[in-house]
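First the structure, in the form of structure tokens, and then the observations on it.
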Amino acid sequence: MPASDAPSSPVQPYDLAVVGGGVSGLSAAHAARQAGRSAIVLERSAAPGGSVHTLRRDGFLAEGGPHTLLLSDPRVSDWLEELGLLAQAVDANPAAAKRFILRGGVPTPLPYSAGSFLFGGWMSAGGKLRLLAEPFRHGRPPAGEESIGHWFRRHFGEEAAATILDPFVSGIYAGDPDQLSLSAAFPRIEEAASRHPSAVRSFLRTAKERKKSGGRRPKRRLVSFPEGLGQLPATLAAELGPAVRTRQDLQSITRESEGWRLTVNGEDLRARRLLLALPPEALARLPLPDDLHGELQALTTIVSPPLTGVAVGYRREQIRHPLDGFGVLCPFRERRKILGILFDSTLFPGRAPEGQVLLSVFLGGRRQEDPTVLDEDALRARVLGEARDILGIEGEPTLFHPVHWPHAIPQYDLGYHRYGELFDRLETREPGLTFAGNTRDGVALGNCVLSGKDRAEKILGIA
């Protein structure tokens, strides 16, 4: 059944009320229902899904938020199988393994073999030598918390950081490597590199021990679905049916002896447990009891910079670049006015009509001006001008569809662990309350899925 806007007051309190109908909130409610518990999802906007939604227009299939789902954790794959979505998952085109960076204004492939590493024009000879010297020249870590930028530079050198790390960070966080915390934003890298002072030696040691023990690294798949990633929240919302309520104006949340009372659209709902799955700025605005509301004001210091993604369609013959890869990212030192361009119709089939291609252009983030304030003409001129210069495009597009996010991706900056400590402290004090989503458990789509599922199961005592 589809999500419903109509209220339906229960006689008994819900086992779980979820505020926020993004992927984390929907996953939380689904986990509760799978365990035989009652749940309700309250979403302020007109449709569930949060930042995950897909547009179908004029024969194009364009993403308005995340473009891919990385299956690296078996639990995400198992969860998709429960939903009946794993069999429908569409793997990324093998050609998408090729990644381009902009170097001197020219899309240049990153190395994919020993030959391309040695002879490719992606980095100077000196930069390559410095990178290869890492096992013997890796610096000493600082006494306190380290940024991913500082860590990468001391291990692999300035040029490698500017060439490899900077666009990598832009692609995930649209952030600044010197602000992002290694331990908070990239915990797996920190863990993998912790076995030896040299990162390379640490990675090799981990691989050797895994092989010796007979273990294998889980297979990683980059996937989407036939109807785009929007098929994921749509499937969850259909399974949950009228338990998902949209256009919900939350007036107050108060404690009760048996849990929580939520006043929504003038109606009182009751729940034994409460899960909040919202971005930081929305969490800080919630009409919670004064003490909780006051403590959550600390979340207003989390930086979530604006981001704009523009779906752009062209006839194939208008573009000189072969589009034979995932896309091209723009390192900060190139001083472009966009972060990068994804080659959507190369990445997955069915994204553009016959004879046409679909691109996604991103701009904004931590180190660019706010693109959400540009008027339509200025945005169009910027996006089309940058794409023309980088890919060699002639003529006007057949599709131009922007999506603005005033608060896009929480930046897991130095000191970000204090927000996790805040959530832990509030949950200890309020046993019927928990927090989930990209504010807490990682910004990747798979992280958001597991965040909602795991937090719901924990607060409900589901084994």
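Residues in the structure tokens are numbered from 1 in each chain, the chains being A, B, ... in the order shown, and ligands are numbered from 1 in the order shown.
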So which residues touch Gly21 in chain A within 7 Å, counting only C-alpha atoms, skipping near sequence neighbours fewer than 2 positions away, as a list in words? Val19, Val23, Gly25, Leu26, Val41, Leu42, Glu43, Pro48, Gly49 and Gly50 of chain A
Write out as a PyMOL selection string which residues come within 12 Å of Pro305 in chain A when counting only C-alpha atoms, dropping same-chain ones fewer than 3 positions away. chain A and resi 170+173-176+280-281+301-302+308+363-372+404-412
List the spatial neighbours of Thr434 in chain A as an NGL selection string - criterion: any atom at most 9 Å away, only C-alpha atoms, same-chain residues fewer than 6 positions off excluded. :A and (273-277 or 423-424 or 426-427 or 455-456 or 459)
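Using only C-alpha atoms, the smallest distance between any of A:Ala352, A:Ala237, A:Val373, A:Ala192 and Asp58 in chain A comes from A:Ala352.
Residues in contact with Ala387 in chain A at up to 8 Å, not including ones fewer than 6 positions away on its chain and judged by only C-alpha atoms, are Ile341, Val361 and Ile393 of chain A.
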For the selection just defined, write its residues with N, CA and C atoms to a file, as a JSON list (two decimals), in the first residue's frame.
```json
[["chain", "number", "residue", "atom", "x", "y", "z"],
["A", 341, "ILE", "N", 31.63, 15.95, -12.45],
["A", 341, "ILE", "CA", 30.57, 15.51, -13.36],
["A", 341, "ILE", "C", 30.53, 13.99, -13.35],
["A", 361, "VAL", "N", 26.00, 17.14, -12.81],
["A", 361, "VAL", "CA", 27.01, 18.14, -12.46],
["A", 361, "VAL", "C", 26.74, 18.60, -11.03],
["A", 393, "ILE", "N", 31.71, 20.08, -25.20],
["A", 393, "ILE", "CA", 30.29, 19.97, -25.57],
["A", 393, "ILE", "C", 29.90, 21.12, -26.47]]
```
Considering only C-alpha atoms, return as an MDAnalysis selection string whatever protein or nucleic-acid residues lie within 7 Å of Leu250 in chain A, sequence-local ones (same chain, fewer than 4 positions apart) excluded. chainID A and resid 263:265
Residues from the last selection, N, CA and C atoms, saved as an mmCIF file, in the first residue's frame:
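For reference, result_29.cif as written:
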```cif
data_model
loop_
_atom_site.group_PDB
_atom_site.id
_atom_site.type_symbol
_atom_site.label_atom_id
_atom_site.label_comp_id
_atom_site.auth_asym_id
_atom_site.auth_seq_id
_atom_site.Cartn_x
_atom_site.Cartn_y
_atom_site.Cartn_z
ATOM 1 N N THR A 263 2.290 15.348 19.482
ATOM 2 C CA THR A 263 1.153 16.059 18.921
ATOM 3 C C THR A 263 1.499 16.416 17.481
ATOM 4 N N VAL A 264 0.746 15.819 16.547
ATOM 5 C CA VAL A 264 1.036 15.929 15.123
ATOM 6 C C VAL A 264 -0.238 16.312 14.387
ATOM 7 N N ASN A 265 -0.175 17.430 13.636
ATOM 8 C CA ASN A 265 -1.358 17.907 12.914
ATOM 9 C C ASN A 265 -2.586 17.978 13.832
#
```
So which residues of range 283-403 of chain A fall under helix (DSSP H, G or I) by DSSP, listed as a ChimeraX atom specification? /A:283-285,290-301,316-318,332-334,344-347,371-373,376-391
Can you write out the residues you just picked, keeping N, CA and C atoms, as a short mmCIF file (atom, residue, chain, number, x, y, z; two decimals), in the first residue's frame?
```
data_model
loop_
_atom_site.label_atom_id
_atom_site.label_comp_id
_atom_site.auth_asym_id
_atom_site.auth_seq_id
_atom_site.Cartn_x
_atom_site.Cartn_y
_atom_site.Cartn_z
N LEU A 283 17.05 18.27 13.81
CA LEU A 283 17.06 17.78 15.19
C LEU A 283 17.05 18.94 16.18
N ALA A 284 17.82 19.98 15.86
CA ALA A 284 17.92 21.12 16.77
C ALA A 284 16.63 21.92 16.85
N ARG A 285 15.74 21.78 15.85
CA ARG A 285 14.48 22.53 15.84
C ARG A 285 13.31 21.75 16.43
N ASP A 290 12.15 20.97 27.16
CA ASP A 290 13.14 22.05 27.18
C ASP A 290 14.56 21.56 27.42
N ASP A 291 14.73 20.59 28.32
CA ASP A 291 16.09 20.16 28.63
C ASP A 291 16.72 19.46 27.42
N LEU A 292 15.96 18.59 26.74
CA LEU A 292 16.49 17.92 25.56
C LEU A 292 16.71 18.91 24.41
N HIS A 293 15.76 19.80 24.22
CA HIS A 293 15.89 20.81 23.17
C HIS A 293 17.15 21.64 23.39
N GLY A 294 17.39 22.03 24.66
CA GLY A 294 18.57 22.83 24.95
C GLY A 294 19.87 22.12 24.63
N GLU A 295 19.94 20.84 24.99
CA GLU A 295 21.19 20.11 24.74
C GLU A 295 21.41 19.87 23.25
N LEU A 296 20.33 19.70 22.51
CA LEU A 296 20.48 19.45 21.08
C LEU A 296 20.85 20.71 20.30
N GLN A 297 20.86 21.87 20.96
CA GLN A 297 21.32 23.08 20.27
C GLN A 297 22.80 22.99 19.91
N ALA A 298 23.52 22.08 20.57
CA ALA A 298 24.93 21.86 20.20
C ALA A 298 25.06 21.42 18.75
N LEU A 299 24.02 20.80 18.20
CA LEU A 299 24.08 20.31 16.83
C LEU A 299 24.09 21.44 15.80
N THR A 300 23.72 22.65 16.22
CA THR A 300 23.72 23.78 15.28
C THR A 300 25.13 24.15 14.85
N THR A 301 26.15 23.67 15.56
CA THR A 301 27.53 23.95 15.17
C THR A 301 28.05 22.97 14.12
N ARG A 316 24.29 12.33 -27.96
CA ARG A 316 25.65 11.79 -27.81
C ARG A 316 26.66 12.51 -28.69
N GLU A 317 26.25 12.89 -29.90
CA GLU A 317 27.21 13.50 -30.81
C GLU A 317 27.62 14.92 -30.41
N GLN A 318 26.94 15.48 -29.40
CA GLN A 318 27.31 16.82 -28.95
C GLN A 318 28.55 16.83 -28.07
N PHE A 332 40.56 20.81 -5.92
CA PHE A 332 40.38 22.21 -5.52
C PHE A 332 41.38 23.12 -6.21
N ARG A 333 42.59 22.63 -6.42
CA ARG A 333 43.63 23.47 -7.01
C ARG A 333 43.31 23.85 -8.46
N GLU A 334 42.38 23.16 -9.10
CA GLU A 334 41.99 23.52 -10.47
C GLU A 334 41.13 24.78 -10.51
N ASP A 344 26.26 9.45 -15.84
CA ASP A 344 25.18 8.57 -15.39
C ASP A 344 24.83 7.48 -16.39
N SER A 345 24.73 7.85 -17.66
CA SER A 345 24.29 6.87 -18.65
C SER A 345 25.37 5.87 -19.00
N THR A 346 26.62 6.15 -18.61
CA THR A 346 27.67 5.13 -18.69
C THR A 346 27.60 4.22 -17.48
N LEU A 347 27.29 4.81 -16.34
CA LEU A 347 27.30 4.09 -15.07
C LEU A 347 26.24 2.99 -15.02
N PRO A 371 25.64 27.57 -4.05
CA PRO A 371 24.99 27.56 -5.36
C PRO A 371 23.48 27.72 -5.27
N THR A 372 22.92 27.55 -4.08
CA THR A 372 21.46 27.62 -3.95
C THR A 372 20.95 29.05 -4.08
N VAL A 373 21.86 30.05 -4.03
CA VAL A 373 21.42 31.44 -4.15
C VAL A 373 21.49 31.93 -5.60
N GLU A 376 18.21 31.11 -11.86
CA GLU A 376 18.19 30.03 -12.84
C GLU A 376 19.15 30.28 -14.00
N ASP A 377 19.21 31.52 -14.47
CA ASP A 377 20.08 31.82 -15.60
C ASP A 377 21.55 31.69 -15.23
N ALA A 378 21.92 32.18 -14.04
CA ALA A 378 23.31 32.12 -13.60
C ALA A 378 23.74 30.68 -13.38
N LEU A 379 22.85 29.88 -12.77
CA LEU A 379 23.17 28.47 -12.56
C LEU A 379 23.35 27.75 -13.89
N ARG A 380 22.46 28.00 -14.80
CA ARG A 380 22.54 27.34 -16.11
C ARG A 380 23.83 27.72 -16.83
N ALA A 381 24.17 28.99 -16.80
CA ALA A 381 25.39 29.45 -17.47
C ALA A 381 26.63 28.81 -16.85
N ARG A 382 26.65 28.72 -15.53
CA ARG A 382 27.81 28.13 -14.85
C ARG A 382 27.95 26.65 -15.17
N VAL A 383 26.88 25.91 -15.02
CA VAL A 383 26.93 24.46 -15.22
C VAL A 383 27.27 24.11 -16.66
N LEU A 384 26.59 24.74 -17.61
CA LEU A 384 26.82 24.41 -19.01
C LEU A 384 28.20 24.88 -19.48
N GLY A 385 28.64 26.02 -18.96
CA GLY A 385 29.97 26.51 -19.32
C GLY A 385 31.07 25.59 -18.83
N GLU A 386 30.99 25.15 -17.59
CA GLU A 386 32.00 24.24 -17.04
C GLU A 386 31.98 22.90 -17.76
N ALA A 387 30.79 22.35 -17.97
CA ALA A 387 30.69 21.06 -18.67
C ALA A 387 31.23 21.17 -20.10
N ARG A 388 30.95 22.28 -20.77
CA ARG A 388 31.45 22.48 -22.13
C ARG A 388 32.98 22.51 -22.16
N ASP A 389 33.59 23.24 -21.23
CA ASP A 389 35.04 23.35 -21.20
C ASP A 389 35.71 22.02 -20.89
N ILE A 390 35.13 21.26 -19.97
CA ILE A 390 35.78 20.03 -19.50
C ILE A 390 35.58 18.87 -20.46
N LEU A 391 34.40 18.74 -21.03
CA LEU A 391 34.07 17.56 -21.84
C LEU A 391 34.01 17.85 -23.34
#
```
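Counting only C-alpha atoms, range 197-204 of chain A has the following residues at most 7 Å away, ignoring those fewer than 5 positions along the same chain: Glu134, Pro135, His138 and Ala192 of chain A.
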Which polymer residues have any atom within 7 Å of an atom of Gly259 in chain A, counting only C-alpha atoms, with same-chain residues fewer than 6 positions away left out, as a PDB file with C-alpha atoms, in the first residue's frame?
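After the write, out-v9.pdb holds the following:
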```pdb
ATOM      1  CA  ALA A 271       4.705   5.587  21.631  1.00  0.00           C
ATOM      2  CA  ARG A 272       6.778   3.532  24.046  1.00  0.00           C
ATOM      3  CA  ARG A 273       9.989   4.290  22.167  1.00  0.00           C
ATOM      4  CA  GLY A 432      13.153   5.303  25.484  1.00  0.00           C
TER       5      GLY A 432
END
```
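When only C-alpha atoms are used to compute distances to Leu85 in chain A, the closest of the residues A:Leu236, A:Leu450, A:Leu269, A:Ala436 turns out to be A:Leu236.
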Write out as number ranges by chain the set of residues from range 15-261 of chain A that DSSP, computed on the backbone, places in strand (DSSP E or B). A: 15-19, 22, 39-42, 49, 54-57, 60-63, 69-71, 90-91, 100-103, 106-109, 147, 180-181, 221-224, 244-245, 250-256, 259-261
File dump, residues just selected, C-alpha atoms, as a PDB file, in the first residue's frame:
```pdb
ATOM      1  CA  ASP A  15       6.009   0.335  20.120  1.00  0.00           C
ATOM      2  CA  LEU A  16       8.108   2.792  18.078  1.00  0.00           C
ATOM      3  CA  ALA A  17       7.487   6.262  16.709  1.00  0.00           C
ATOM      4  CA  VAL A  18       9.982   7.400  14.089  1.00  0.00           C
ATOM      5  CA  VAL A  19      10.408  11.086  13.289  1.00  0.00           C
ATOM      6  CA  GLY A  22      14.292   9.208   5.043  1.00  0.00           C
ATOM      7  CA  ALA A  39       5.634   1.438  14.328  1.00  0.00           C
ATOM      8  CA  ILE A  40       4.707   4.755  12.777  1.00  0.00           C
ATOM      9  CA  VAL A  41       6.825   7.105  10.641  1.00  0.00           C
ATOM     10  CA  LEU A  42       6.178  10.849  10.686  1.00  0.00           C
ATOM     11  CA  GLY A  49      12.717   9.094   1.124  1.00  0.00           C
ATOM     12  CA  THR A  54      14.636   9.638  -8.614  1.00  0.00           C
ATOM     13  CA  LEU A  55      13.143  11.713 -11.414  1.00  0.00           C
ATOM     14  CA  ARG A  56      11.759  10.263 -14.655  1.00  0.00           C
ATOM     15  CA  ARG A  57      11.393  12.912 -17.324  1.00  0.00           C
ATOM     16  CA  PHE A  60      15.694  10.279 -18.673  1.00  0.00           C
ATOM     17  CA  LEU A  61      16.068   8.630 -15.267  1.00  0.00           C
ATOM     18  CA  ALA A  62      17.927  11.076 -13.021  1.00  0.00           C
ATOM     19  CA  GLU A  63      18.862  10.930  -9.345  1.00  0.00           C
ATOM     20  CA  LEU A  69      24.657   2.178  -3.278  1.00  0.00           C
ATOM     21  CA  LEU A  70      27.896   0.441  -2.302  1.00  0.00           C
ATOM     22  CA  LEU A  71      27.337  -3.118  -1.081  1.00  0.00           C
ATOM     23  CA  VAL A  90      21.773  -3.423 -11.247  1.00  0.00           C
ATOM     24  CA  ASP A  91      25.567  -3.522 -11.097  1.00  0.00           C
ATOM     25  CA  PHE A 100      39.015  10.791 -14.195  1.00  0.00           C
ATOM     26  CA  ILE A 101      40.421  13.809 -12.403  1.00  0.00           C
ATOM     27  CA  LEU A 102      40.860  17.226 -13.905  1.00  0.00           C
ATOM     28  CA  ARG A 103      44.550  18.063 -14.351  1.00  0.00           C
ATOM     29  CA  VAL A 106      42.001  18.092 -18.980  1.00  0.00           C
ATOM     30  CA  PRO A 107      40.161  14.950 -17.738  1.00  0.00           C
ATOM     31  CA  THR A 108      43.004  12.572 -16.884  1.00  0.00           C
ATOM     32  CA  PRO A 109      42.454   8.928 -15.870  1.00  0.00           C
ATOM     33  CA  SER A 147      42.549  15.365   9.872  1.00  0.00           C
ATOM     34  CA  LEU A 180      37.489  16.370   8.255  1.00  0.00           C
ATOM     35  CA  SER A 181      38.508  14.056  11.100  1.00  0.00           C
ATOM     36  CA  ARG A 221      29.301  -4.132  -5.499  1.00  0.00           C
ATOM     37  CA  LEU A 222      28.279  -0.703  -6.712  1.00  0.00           C
ATOM     38  CA  VAL A 223      24.589  -0.906  -7.562  1.00  0.00           C
ATOM     39  CA  SER A 224      21.352   0.880  -8.297  1.00  0.00           C
ATOM     40  CA  VAL A 244       4.127   6.117   6.903  1.00  0.00           C
ATOM     41  CA  ARG A 245       2.469   9.503   7.273  1.00  0.00           C
ATOM     42  CA  LEU A 250       4.944  18.070  14.646  1.00  0.00           C
ATOM     43  CA  GLN A 251       3.765  20.529  17.317  1.00  0.00           C
ATOM     44  CA  SER A 252       5.200  18.958  20.476  1.00  0.00           C
ATOM     45  CA  ILE A 253       6.948  15.932  21.968  1.00  0.00           C
ATOM     46  CA  THR A 254       6.477  15.304  25.679  1.00  0.00           C
ATOM     47  CA  ARG A 255       7.515  12.590  28.117  1.00  0.00           C
ATOM     48  CA  GLU A 256       4.938  10.341  29.709  1.00  0.00           C
ATOM     49  CA  GLY A 259       6.946   6.668  26.888  1.00  0.00           C
ATOM     50  CA  TRP A 260       6.213   9.682  24.673  1.00  0.00           C
ATOM     51  CA  ARG A 261       3.282  11.750  23.476  1.00  0.00           C
TER      52      ARG A 261
END
```
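In this structure, CA of Ala133 in chain A sits 11.2 Å away from CA of Arg154 in chain A.
Coordinates place CA of Pro349 in chain A at a distance of 11.9 Å from CA of Pro94 in chain A.
Between CA of Glu191 in chain A and CA of Ala162 in chain A there is a distance of 22.9 Å.
Between Leu460 in chain A and the residues A:Leu433, A:Ile319, A:Ala193, A:Ala47, the shortest atom-to-atom distance, using only C-alpha atoms, involves A:Leu433.
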